[in-house]
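Visitor: Please see the structure below; I have some questions.
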Amino acid sequence: MKVPRSNQLGVRIKDGLYYKFTGFRDQDVSNLTTFFQSSCGITPEEKHLSVSGKNWGEVDINGNTLAFLVGSKQAFEVSLADVSQTQLQGKNDVMLEFHVDDTTGASEKDSLMEISFHIPNSNTQFVGDESYPPAQVFRDKIVAMADVSDGEEAVVTFDGIAILTPRGRYNVELHLSFLRLQGQANDFKIQYSSVVRIFLLPKVSQPHTFVVVTLDPPIRKGQTLYPHIVLQFESEYVVDTALTMSEEVLNAKYKDKLEMTYKGLVHDVFTKILRGLSGAKITGPGKFRSHTQGLAVKSSLKAEDGLLYPLEKGFFFLPKPPTLMLYDEIEYVEFERHAAGTANMHYFDLLVRLKTEQEHLFRNIQRSEYHCLYTFISGKGMKILSSGDSRPADGVTAVLQGEDDDAVDPHLERIRNQAGEDESDEEDEDFVMEKDDEGSPTDDSGEDGGSDGSLSGDEKEKPPKKPRKDSSAPKPTTSKKKADDEGTSKKRKPKKKKDPNAPKRAMTGFMFFSQSERENVKKSHPGIPFTEVGKVLGERWNKLSAEEKEPYEAMSKADKKRYNEQITGYKNQQSTNVDAGANSDSDSA
């Protein structure tokens with residue numbers, strides 16, 4: 001066949017292998033033809049290369065070679081031995097992905113990664129039906145040829161295994177040199193040289209076990225890379241299987257690594273055979289034990305619920321997105337207060353920051369798991385940002401370390417306190433300090449109270465403002481004097497003065513901060529207006545870290561406790577006084 005800048009000779013031998021030789025000159029073609037005719041009795045067939053650029057033609061599968069023909073001319077050919085996986089996309093498209101050739105010479109800058117074929121339903125070469133379209137027939141033939149090209153039969157097959165990443169149910173075949181995941185729409189072929197580590201991790205409180213196969217380089221599905229294959233086995237399922245392997249091969253290559261027969265739990269059998277074939281090490285659970293003596297803690301990552309496994313050399317979050325974080329790659333961890341509304345008192349978050357500046361936030365961890373996680377992380381020597389030295393911080397850790405499971409979240413308590421204050425001190429909500437407000441706080445008769453209840457001449461000309469309705473205001477009494485005055489003046493609504501015996505309201509953390517820093521602001525800003533002092537204090541407060549704010553928040557929490565105790569006693573006293581007054585009126589009547 002004439003190829004760019006030279007000629008190519010293809011030779012297929014009887015065992016199916018196909019060899020190609022390139023670089024012959026035009027004058028060599030006749031000499032080679034004469035040689036094969038005289039020595040082998042074979043006349044070489046002449047093929048023509050299609051250079052039209054058309055991409056619609058026929059497929060010729062011969063052994064382990066796939067050729068694409070435009071008319072009677074060959075456009076290209078690929079070796080099915082290089083196919084790493086196949087995917088059926090829709091009903092008419094089949095995509096082939098190829099292994100990356102790490103042995104390619106430095107002069108080879110480009111390699112074929114994937115190619116897609118469109119097979120219409122009208123195709124007559126690969127005949128199918130409505131439930132089994134021609135594209136499926138084509139894909140199955142590609143898969144069969146790719147397997148034949150390796151010359152290997154599966155050593156053992158595990159049927160119908162649930163794989164969570166990439167999601168699907170696959171038949172898992174273990175061959176001598178590669179692992180194959182055969183699904184209904186996808187087919188992955190993974191060389192054992194890509195298997196870095198095998199993780200065997202029981203699932204918390206469920207009859208399943210994770211087996212994770214970590215890969216480098218990862219497999220690819222579309223534009224998504226999968227460095228971890230997460231398989232899920234039934235923990236109590238027992239298998240009894242024999243390897244399809246001769247004793248000669250077993251003794252020659254896998255002595256002390258494999259056995260001819262296996263019987264046991266399915267996940268144990270799978271990992272033992274995979275370790276023997278690939279040589280990869282198996283990592284199991286570490287020494288960590290959760291509050292319920294489990295091997296992991298429940299949490300969520302990127303809105304996905306899962307399990308966080310603290311292992312001996314790293315954290316592993318499963319099932320998706322499967323995230324492995326080695327302790328050597330972690331810059332620090334930080335315990336954070338859970339911020340998911342008012343129901344956050346029983347949860348906390350764990351932030352893991354890597355040295356690459358990437359961060360992973362694990363949310364919704366039960367508060368009861370704090371002690372176990374904190375002790376384990378401290379024992380691994382990792383930097384805990386929210387604590388100094390080896391002592392727990394006074395921030396979120398103080399809340400999480402509480403012995404009392406009924407301890408309340410301070411943010412939620414603040415909301416509840418504010419609601420309680422609104423009910424108990426509602427007379428203060430409408431209180432506006434006025435210079436001439438000297439009315440008696442007990443004057444509820446509604447009668448004219450003197451000069452403070454009358455309007456000046458200028459005020460009479462203006463229409464009076466409509467008073468705000470107040471169901472708690474006393475009803476005015478009907479008297480001749482008031483009826484006469486209605487046309488000339490309007491009684492100002494009497495305002496209750498706050499009882500001097502009422503307890504002082506609780507102060508917020510910001511108020512305590514303002515008390516201690518107000519003078520410093522005035523010194524650093526000479527002549528600053530009074531209205532600007534609050535703005536500067538607010539800016540400084542917002543710039544404080546949670547640790548710096550904690551002393552003031554602690555003072556606020558103590559003050560709220562004081563207020564709640566005093567307001568309870570005050571209300572009880574008020575109730576007693578009211579009852580006593582009612583009894584006195586009854587007796588006098």
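Identifiers for the structure tokens are assigned positionally: chains receive A, B, ... in sequence, residues are indexed from 1 per chain, and ligands are indexed from 1 in the order shown.
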Once DSSP has gone over the backbone, tell me which residues of region 12-231 of chain A are in alpha helix (DSSP H), as a PyMOL selection string.

Guide: chain A and resi 26-39+134-150

Visitor: Name the closest residue to Pro503 (chain A) among the candidates A:Lys355, A:His525, A:Lys560, A:His208; distances are taken between atoms, counting only C-alpha atoms.

Guide: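 The shortest atom-to-atom distance to Pro503 (chain A) comes from A:Lys560.
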
Visitor: Could you name the residues that touch Ser116 (chain A) at 9 Å or less, counting only C-alpha atoms, but leaving out those on the same chain fewer than 6 positions away, as a VMD selection string?

Guide: chain A and resid 93 to 97

Visitor: Can I get the selection written as a CSV table (one decimal), in the first residue's frame, with N, CA, C and O atoms?

Guide:
```csv
chain,number,residue,atom,x,y,z
A,93,ASP,N,-24.2,5.4,18.7
A,93,ASP,CA,-22.8,5.8,18.7
A,93,ASP,C,-22.0,4.9,19.6
A,93,ASP,O,-22.5,4.6,20.7
A,94,VAL,N,-20.9,4.5,19.2
A,94,VAL,CA,-19.9,3.7,20.0
A,94,VAL,C,-18.6,4.4,20.0
A,94,VAL,O,-18.0,4.8,19.0
A,95,MET,N,-18.1,4.6,21.2
A,95,MET,CA,-16.8,5.3,21.4
A,95,MET,C,-15.8,4.3,21.9
A,95,MET,O,-16.0,3.5,22.8
A,96,LEU,N,-14.6,4.3,21.3
A,96,LEU,CA,-13.5,3.5,21.7
A,96,LEU,C,-12.4,4.4,22.3
A,96,LEU,O,-12.1,5.4,21.7
A,97,GLU,N,-11.9,4.0,23.5
A,97,GLU,CA,-10.8,4.7,24.1
A,97,GLU,C,-9.6,3.8,24.1
A,97,GLU,O,-9.7,2.5,24.3
```

Visitor: Do you know which residues are at most 8 Å from region 23-34 of chain A counting only C-alpha atoms, after dropping those on the same chain fewer than 2 positions away, and could you put them as a PDB file with N, CA, C and O atoms, in the first residue's frame?

Guide:
```pdb
ATOM      1  N   ARG A   5       5.090   9.320   1.649  1.00  0.00           N
ATOM      2  CA  ARG A   5       6.546   9.318   1.522  1.00  0.00           C
ATOM      3  C   ARG A   5       7.173   7.930   1.396  1.00  0.00           C
ATOM      4  O   ARG A   5       8.387   7.810   1.342  1.00  0.00           O
ATOM      5  N   SER A   6       6.375   6.844   1.382  1.00  0.00           N
ATOM      6  CA  SER A   6       6.970   5.513   1.251  1.00  0.00           C
ATOM      7  C   SER A   6       5.881   4.499   0.921  1.00  0.00           C
ATOM      8  O   SER A   6       4.733   4.866   0.647  1.00  0.00           O
ATOM      9  N   ASN A   7       6.249   3.218   0.963  1.00  0.00           N
ATOM     10  CA  ASN A   7       5.311   2.122   0.762  1.00  0.00           C
ATOM     11  C   ASN A   7       5.297   1.240   2.002  1.00  0.00           C
ATOM     12  O   ASN A   7       6.301   1.120   2.712  1.00  0.00           O
ATOM     13  N   GLN A   8       4.155   0.591   2.213  1.00  0.00           N
ATOM     14  CA  GLN A   8       3.983  -0.243   3.399  1.00  0.00           C
ATOM     15  C   GLN A   8       3.658  -1.664   2.989  1.00  0.00           C
ATOM     16  O   GLN A   8       2.852  -1.889   2.092  1.00  0.00           O
ATOM     17  N   PHE A  21       5.429  -3.350   7.773  1.00  0.00           N
ATOM     18  CA  PHE A  21       6.771  -2.828   7.503  1.00  0.00           C
ATOM     19  C   PHE A  21       6.624  -1.601   6.613  1.00  0.00           C
ATOM     20  O   PHE A  21       5.985  -1.664   5.563  1.00  0.00           O
ATOM     21  N   PHE A  36       7.843 -12.957  -3.018  1.00  0.00           N
ATOM     22  CA  PHE A  36       6.762 -13.697  -2.373  1.00  0.00           C
ATOM     23  C   PHE A  36       6.131 -14.716  -3.333  1.00  0.00           C
ATOM     24  O   PHE A  36       5.689 -15.794  -2.906  1.00  0.00           O
ATOM     25  N   GLN A  37       6.075 -14.380  -4.626  1.00  0.00           N
ATOM     26  CA  GLN A  37       5.508 -15.323  -5.581  1.00  0.00           C
ATOM     27  C   GLN A  37       6.388 -16.557  -5.726  1.00  0.00           C
ATOM     28  O   GLN A  37       5.888 -17.686  -5.808  1.00  0.00           O
ATOM     29  N   SER A  38       7.686 -16.365  -5.751  1.00  0.00           N
ATOM     30  CA  SER A  38       8.606 -17.483  -5.973  1.00  0.00           C
ATOM     31  C   SER A  38       8.833 -18.299  -4.710  1.00  0.00           C
ATOM     32  O   SER A  38       8.956 -19.535  -4.767  1.00  0.00           O
ATOM     33  N   THR A  43       0.750 -14.120  -4.158  1.00  0.00           N
ATOM     34  CA  THR A  43       0.859 -12.848  -4.850  1.00  0.00           C
ATOM     35  C   THR A  43       0.333 -11.741  -3.939  1.00  0.00           C
ATOM     36  O   THR A  43      -0.844 -11.784  -3.551  1.00  0.00           O
ATOM     37  N   PRO A  44       1.165 -10.794  -3.542  1.00  0.00           N
ATOM     38  CA  PRO A  44       0.701  -9.714  -2.636  1.00  0.00           C
ATOM     39  C   PRO A  44      -0.472  -8.957  -3.231  1.00  0.00           C
ATOM     40  O   PRO A  44      -0.516  -8.672  -4.426  1.00  0.00           O
TER      41      PRO A  44
END
```

Visitor: Excluding same-chain residues fewer than 6 positions from region 78-84 of chain A, what lies within 12 Å of it counting only C-alpha atoms, as a PyMOL selection string?

Guide: chain A and resi 17-20+59-68+95-101+111-115+139+141-152+178-182+186-191+218-221

Visitor: Within 9 Å of Gly71 (chain A), counting only C-alpha atoms, which residues show up once you throw out same-chain ones fewer than 2 positions away? Write them as a PDB file with C-alpha atoms, in the first residue's frame, please.

Guide:
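Dumped to selection.pdb:
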```pdb
ATOM      1  CA  SER A  50      -8.157   6.848   0.724  1.00  0.00           C
ATOM      2  CA  GLY A  57     -17.797   4.293   4.942  1.00  0.00           C
ATOM      3  CA  GLU A  58     -17.620   0.685   6.128  1.00  0.00           C
ATOM      4  CA  LEU A  69     -12.911   1.808   4.272  1.00  0.00           C
ATOM      5  CA  LYS A  73      -9.915   2.260  -0.253  1.00  0.00           C
ATOM      6  CA  GLN A  74      -8.646   2.157   3.316  1.00  0.00           C
TER       7      GLN A  74
END
```

Visitor: Counting only C-alpha atoms, which residues of region 106-213 of chain A sit at most 8 Å from some atom of region 273-295 of chain A, and what is each one's closest atom pair with its distance in Å to one decimal, listed by chain and rising residue number, as a tab-separated table?

Guide:
```
residue	atom	partner	partner_atom	distance
A:Leu174	CA	A:Leu274	CA	7.2
A:Leu176	CA	A:Leu277	CA	6.5
A:Ser177	CA	A:Leu277	CA	7.5
A:Tyr192	CA	A:Ser278	CA	5.1
A:Ser193	CA	A:Ser278	CA	7.1
A:Val195	CA	A:Ala280	CA	6.5
A:Val196	CA	A:Ala280	CA	6.0
A:Arg197	CA	A:Ala280	CA	5.4
A:Ile198	CA	A:Ile282	CA	4.7
A:Phe199	CA	A:Thr283	CA	4.7
A:Leu200	CA	A:Gly284	CA	5.0
A:Leu201	CA	A:Gly284	CA	5.9
A:Pro202	CA	A:Leu295	CA	7.7
A:Val204	CA	A:Gly294	CA	6.3
A:Ser205	CA	A:Gly294	CA	7.9
```

Visitor: Near region 153-169 of chain A, counting only C-alpha atoms, which residues have an atom at most 6 Å away, once you skip same-chain residues fewer than 4 positions from it, shown as a PDB file with N, CA, C and O atoms, in the first residue's frame?

Guide:
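Output file result-v1.pdb follows:
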```pdb
ATOM      1  N   GLU A 173     -13.955  -8.914  35.681  1.00  0.00           N
ATOM      2  CA  GLU A 173     -13.095 -10.011  35.243  1.00  0.00           C
ATOM      3  C   GLU A 173     -11.656  -9.703  35.614  1.00  0.00           C
ATOM      4  O   GLU A 173     -11.145  -8.614  35.320  1.00  0.00           O
ATOM      5  N   LEU A 174     -10.997 -10.675  36.247  1.00  0.00           N
ATOM      6  CA  LEU A 174      -9.584 -10.546  36.588  1.00  0.00           C
ATOM      7  C   LEU A 174      -8.784 -11.427  35.636  1.00  0.00           C
ATOM      8  O   LEU A 174      -8.897 -12.656  35.672  1.00  0.00           O
ATOM      9  N   HIS A 175      -8.022 -10.788  34.761  1.00  0.00           N
ATOM     10  CA  HIS A 175      -7.158 -11.510  33.827  1.00  0.00           C
ATOM     11  C   HIS A 175      -5.736 -11.521  34.368  1.00  0.00           C
ATOM     12  O   HIS A 175      -5.451 -10.948  35.428  1.00  0.00           O
ATOM     13  N   ILE A 229     -11.865   3.439  41.890  1.00  0.00           N
ATOM     14  CA  ILE A 229     -13.013   2.598  41.567  1.00  0.00           C
ATOM     15  C   ILE A 229     -13.579   2.083  42.886  1.00  0.00           C
ATOM     16  O   ILE A 229     -12.880   1.383  43.636  1.00  0.00           O
ATOM     17  N   VAL A 230     -14.819   2.442  43.186  1.00  0.00           N
ATOM     18  CA  VAL A 230     -15.438   2.080  44.459  1.00  0.00           C
ATOM     19  C   VAL A 230     -16.422   0.951  44.214  1.00  0.00           C
ATOM     20  O   VAL A 230     -17.481   1.142  43.608  1.00  0.00           O
ATOM     21  N   LEU A 231     -16.071  -0.257  44.671  1.00  0.00           N
ATOM     22  CA  LEU A 231     -16.925  -1.426  44.548  1.00  0.00           C
ATOM     23  C   LEU A 231     -17.618  -1.678  45.889  1.00  0.00           C
ATOM     24  O   LEU A 231     -17.020  -1.449  46.953  1.00  0.00           O
ATOM     25  N   GLN A 232     -18.839  -2.157  45.845  1.00  0.00           N
ATOM     26  CA  GLN A 232     -19.594  -2.450  47.063  1.00  0.00           C
ATOM     27  C   GLN A 232     -20.019  -3.906  47.054  1.00  0.00           C
ATOM     28  O   GLN A 232     -20.753  -4.354  46.168  1.00  0.00           O
ATOM     29  N   LEU A 243      -9.571 -20.863  40.259  1.00  0.00           N
ATOM     30  CA  LEU A 243      -8.929 -20.028  39.248  1.00  0.00           C
ATOM     31  C   LEU A 243      -8.748 -20.805  37.956  1.00  0.00           C
ATOM     32  O   LEU A 243      -8.421 -21.999  37.967  1.00  0.00           O
ATOM     33  N   THR A 244      -8.984 -20.108  36.849  1.00  0.00           N
ATOM     34  CA  THR A 244      -8.756 -20.698  35.533  1.00  0.00           C
ATOM     35  C   THR A 244      -7.291 -20.456  35.168  1.00  0.00           C
ATOM     36  O   THR A 244      -6.934 -19.513  34.456  1.00  0.00           O
TER      37      THR A 244
END
```

Visitor: Restricting the calculation to only C-alpha atoms: of A:Glu336, A:Glu547, A:Pro4, A:Ile13, which residue gets closest to Val51 (chain A)?

Guide: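 Residue with the minimum atom-to-atom distance to Val51 (chain A): A:Pro4.
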
Visitor: Using only C-alpha atoms, which of the listed residues (A:Ser52, A:Gln574, A:Gln358, A:Gln89) sits closest to Val333 (chain A)?

Guide: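 Smallest distance to Val333 (chain A) is found for A:Gln358.
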
Visitor: With only C-alpha atoms as the atoms that count, which of A:Pro551, A:Gly90, A:Pro133, A:Gly306 lies nearest to Leu318 (chain A)?

Guide: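 For Leu318 (chain A), the nearest of the given residues is A:Gly306.
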